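The next block is protein.pdb, given as PDB, C-alpha atoms, pLDDT in the B column.
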MODEL        1
ATOM      1  CA  MET Q   1       1.260 -33.359   2.736  1.00 58.00           C
ATOM      2  CA  ALA Q   2       2.663 -29.923   1.828  1.00 55.00           C
ATOM      3  CA  VAL Q   3      -0.840 -28.458   1.862  1.00 55.00           C
ATOM      4  CA  ALA Q   4      -1.469 -29.824   5.375  1.00 50.00           C
ATOM      5  CA  ILE Q   5       1.797 -28.374   6.654  1.00 50.00           C
ATOM      6  CA  SER Q   6       1.046 -25.005   5.046  1.00 52.00           C
ATOM      7  CA  CYS Q   7      -2.439 -24.916   6.589  1.00 49.00           C
ATOM      8  CA  ALA Q   8      -1.077 -25.833  10.026  1.00 48.00           C
ATOM      9  CA  ALA Q   9       1.568 -23.121   9.791  1.00 49.00           C
ATOM     10  CA  MET Q  10      -1.003 -20.504   8.788  1.00 50.00           C
ATOM     11  CA  ILE Q  11      -3.373 -21.460  11.595  1.00 47.00           C
ATOM     12  CA  SER Q  12      -0.682 -21.500  14.281  1.00 44.00           C
ATOM     13  CA  GLY Q  13       0.689 -18.167  13.056  1.00 45.00           C
ATOM     14  CA  CYS Q  14      -2.674 -16.526  13.699  1.00 43.00           C
ATOM     15  CA  ALA Q  15      -2.873 -17.986  17.162  1.00 43.00           C
ATOM     16  CA  ILE Q  16       0.339 -16.344  18.318  1.00 44.00           C
ATOM     17  CA  SER Q  17       0.035 -13.085  16.401  1.00 52.00           C
ATOM     18  CA  PRO Q  18      -1.287 -10.021  18.227  1.00 58.00           C
ATOM     19  CA  PHE Q  19      -3.410  -9.242  15.159  1.00 60.00           C
ATOM     20  CA  GLN Q  20      -5.608 -11.633  13.204  1.00 63.00           C
ATOM     21  CA  PRO Q  21      -5.141 -10.344   9.644  1.00 65.00           C
ATOM     22  CA  GLY Q  22      -7.795 -10.862   7.022  1.00 69.00           C
ATOM     23  CA  LEU Q  23      -6.745 -12.263   3.665  1.00 72.00           C
ATOM     24  CA  ILE Q  24      -7.909  -9.187   1.738  1.00 79.00           C
ATOM     25  CA  TYR Q  25      -8.535  -6.467   4.333  1.00 76.00           C
ATOM     26  CA  SER Q  26      -8.376  -6.111   8.083  1.00 75.00           C
ATOM     27  CA  GLN Q  27      -9.015  -3.275  10.494  1.00 75.00           C
ATOM     28  CA  GLN Q  28      -8.798  -4.011  14.212  1.00 75.00           C
ATOM     29  CA  LYS Q  29      -8.588  -2.114  17.465  1.00 76.00           C
ATOM     30  CA  MET Q  30      -7.301  -3.740  20.638  1.00 74.00           C
ATOM     31  CA  PRO Q  31      -6.901  -2.586  24.229  1.00 69.00           C
ATOM     32  CA  VAL Q  32      -3.668  -2.723  26.168  1.00 74.00           C
ATOM     33  CA  VAL Q  33      -3.417  -3.035  29.927  1.00 67.00           C
ATOM     34  CA  ALA Q  34      -1.973   0.249  31.175  1.00 67.00           C
ATOM     35  CA  PRO Q  35      -1.604   1.715  34.639  1.00 66.00           C
ATOM     36  CA  ASN Q  36      -4.447   4.104  35.372  1.00 66.00           C
ATOM     37  CA  HIS Q  37      -2.479   6.991  36.897  1.00 72.00           C
ATOM     38  CA  ALA Q  38      -4.362   9.774  35.097  1.00 65.00           C
ATOM     39  CA  THR Q  39      -7.834  10.768  36.203  1.00 73.00           C
ATOM     40  CA  THR Q  40      -8.931  12.275  32.892  1.00 79.00           C
ATOM     41  CA  CYS Q  41      -8.318  11.846  29.208  1.00 83.00           C
ATOM     42  CA  ALA Q  42      -7.404  15.484  28.603  1.00 88.00           C
ATOM     43  CA  LYS Q  43      -4.790  14.715  25.909  1.00 92.00           C
ATOM     44  CA  LYS Q  44      -4.421  12.093  23.186  1.00 93.00           C
ATOM     45  CA  GLY Q  45      -1.168  11.156  21.505  1.00 95.00           C
ATOM     46  CA  ILE Q  46      -0.681   8.805  18.567  1.00 95.00           C
ATOM     47  CA  GLY Q  47       2.361   6.864  17.366  1.00 93.00           C
ATOM     48  CA  THR Q  48       2.221   5.121  13.975  1.00 93.00           C
ATOM     49  CA  ALA Q  49       4.297   2.484  12.156  1.00 92.00           C
ATOM     50  CA  THR Q  50       3.790   1.521   8.505  1.00 91.00           C
ATOM     51  CA  ASN Q  51       4.811  -1.521   6.472  1.00 89.00           C
ATOM     52  CA  ILE Q  52       4.767  -1.639   2.667  1.00 89.00           C
ATOM     53  CA  LEU Q  53       5.087  -4.975   0.841  1.00 88.00           C
ATOM     54  CA  GLY Q  54       6.921  -6.414   3.831  1.00 81.00           C
ATOM     55  CA  LEU Q  55       9.989  -4.702   2.385  1.00 87.00           C
ATOM     56  CA  PHE Q  56       9.779  -1.213   3.877  1.00 89.00           C
ATOM     57  CA  ALA Q  57       8.842  -0.620   7.494  1.00 89.00           C
ATOM     58  CA  PHE Q  58       9.047   2.768   9.164  1.00 90.00           C
ATOM     59  CA  GLY Q  59       7.562   4.831  11.957  1.00 91.00           C
ATOM     60  CA  ASP Q  60       7.360   4.679  15.734  1.00 90.00           C
ATOM     61  CA  ALA Q  61       4.271   3.120  17.264  1.00 90.00           C
ATOM     62  CA  SER Q  62       5.639   3.050  20.789  1.00 90.00           C
ATOM     63  CA  VAL Q  63       3.787   4.300  23.851  1.00 90.00           C
ATOM     64  CA  ALA Q  64       6.724   6.632  24.527  1.00 91.00           C
ATOM     65  CA  SER Q  65       6.392   8.363  21.138  1.00 92.00           C
ATOM     66  CA  ALA Q  66       2.622   8.727  21.526  1.00 93.00           C
ATOM     67  CA  LYS Q  67       3.081  10.235  25.006  1.00 92.00           C
ATOM     68  CA  LYS Q  68       5.723  12.629  23.700  1.00 93.00           C
ATOM     69  CA  SER Q  69       3.570  13.780  20.755  1.00 92.00           C
ATOM     70  CA  ALA Q  70       0.864  15.030  23.131  1.00 93.00           C
ATOM     71  CA  GLY Q  71       2.960  15.953  26.169  1.00 93.00           C
ATOM     72  CA  ILE Q  72       1.388  13.245  28.336  1.00 91.00           C
ATOM     73  CA  SER Q  73       3.020  12.396  31.663  1.00 89.00           C
ATOM     74  CA  LYS Q  74       0.232  10.325  33.276  1.00 88.00           C
ATOM     75  CA  VAL Q  75      -1.350   7.573  31.185  1.00 88.00           C
ATOM     76  CA  ASP Q  76      -5.041   6.715  31.479  1.00 87.00           C
ATOM     77  CA  SER Q  77      -5.403   4.223  28.637  1.00 87.00           C
ATOM     78  CA  VAL Q  78      -3.579   2.763  25.642  1.00 89.00           C
ATOM     79  CA  ASP Q  79      -5.303   1.366  22.541  1.00 89.00           C
ATOM     80  CA  ILE Q  80      -3.729  -0.294  19.520  1.00 89.00           C
ATOM     81  CA  SER Q  81      -5.288  -0.350  16.061  1.00 90.00           C
ATOM     82  CA  HIS Q  82      -4.081  -2.204  13.006  1.00 89.00           C
ATOM     83  CA  THR Q  83      -5.107  -1.912   9.354  1.00 89.00           C
ATOM     84  CA  GLY Q  84      -3.893  -4.201   6.583  1.00 88.00           C
ATOM     85  CA  ILE Q  85      -4.675  -4.505   2.884  1.00 88.00           C
ATOM     86  CA  LEU Q  86      -3.741  -7.654   0.909  1.00 86.00           C
ATOM     87  CA  SER Q  87      -0.454  -7.958   2.805  1.00 79.00           C
ATOM     88  CA  ILE Q  88       0.683  -5.068   0.620  1.00 87.00           C
ATOM     89  CA  PHE Q  89       0.116  -2.306   3.147  1.00 90.00           C
ATOM     90  CA  GLY Q  90      -0.070  -2.430   6.924  1.00 90.00           C
ATOM     91  CA  MET Q  91      -0.342   0.303   9.536  1.00 92.00           C
ATOM     92  CA  THR Q  92      -0.273   0.008  13.319  1.00 90.00           C
ATOM     93  CA  SER Q  93      -1.214   2.926  15.567  1.00 92.00           C
ATOM     94  CA  VAL Q  94      -0.898   3.311  19.327  1.00 92.00           C
ATOM     95  CA  GLU Q  95      -3.217   5.873  20.934  1.00 93.00           C
ATOM     96  CA  VAL Q  96      -2.341   7.026  24.443  1.00 92.00           C
ATOM     97  CA  CYS Q  97      -4.856   8.981  26.476  1.00 90.00           C
ATOM     98  CA  GLY Q  98      -3.975  10.845  29.661  1.00 90.00           C
ATOM     99  CA  GLU Q  99      -2.897  14.128  31.166  1.00 88.00           C
TER     100      GLU Q  99
ENDMDL
END
Could you spell out this file's structure in structure tokens?
Amino acid sequence: MAVAISCAAMISGCAISPFQPGLIYSQQKMPVVAPNHATTCAKKGIGTATNILGLFAFGDASVASAKKSAGISKVDSVDISHTGILSIFGMTSVEVCGE
């Protein structure tokens, strides 16, 4: 019974998570719907957040921080990438492209 409940919890957790982590390693890139106010991708800004052992989490992976890092005022696109290793290390990056 406990095994069935554990399996159900693990499966449902993946269904609602924005990332589908692999048991040993995962590396994923996902698009985000963003207003297309810029006409070119002249600048790229990146914001990053890191998690170690689920105990330490730091960084700023917001669109605002990525825009600020590159001096972007008009956003063309936003992409999110996530890398995880054995649930020991995880990193999420937001890349904003615009002018």
For Ile88 of chain Q, list every protein, DNA or RNA residue within 12 Å, evaluated using only C-alpha atoms, and leave out those in the same chain fewer than 2 positions away; present the list as a list in words.
-> Pro21, Leu23, Ile24, Tyr25, Ser26, Thr50, Asn51, Ile52, Leu53, Gly54, Leu55, Phe56, Ala57, Thr83, Gly84, Ile85, Leu86, Gly90 and Met91 of chain Q
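The spacing separating atom CA of Asp79 of chain Q from atom CA of Glu99 of chain Q amounts to 15.6 Å.
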Suppose you want the space between atom CA of Met30 of chain Q and atom CA of Val78 of chain Q; what is it in Å?
-> 9.0 Å
Grab the atom CA of His37 of chain Q to atom CA of Gly98 of chain Q distance for me, in Å with one decimal place.
-> 8.3 Å
Explicit residues for the PyMOL selection byres ((chain Q and resi 70) around 10) (as JSON, numbers by chain) | {"Q": [42, 43, 44, 45, 46, 65, 66, 67, 68, 69, 71, 72, 73, 96, 97, 98, 99]}
Which polymer residues have any atom within 8 Å of an atom of Asp60 of chain Q, counting all atoms listed in the file, with same-chain residues fewer than 3 positions away left out, as an MDAnalysis selection string?
-> chainID Q and resid 47:49 65
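If all atoms listed in the file are the atoms counted, then among Q:Gln27, Q:Val32, Q:Val94, Q:Cys41 the closest residue to Lys74 of chain Q is Q:Cys41.
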Find the residue from Q:Ala64, Q:Lys29, Q:Thr39, Q:Ser93 that sits nearest to Asp76 of chain Q; use all atoms listed in the file when measuring.
->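 For Asp76 of chain Q, the nearest of the candidates is Q:Thr39.
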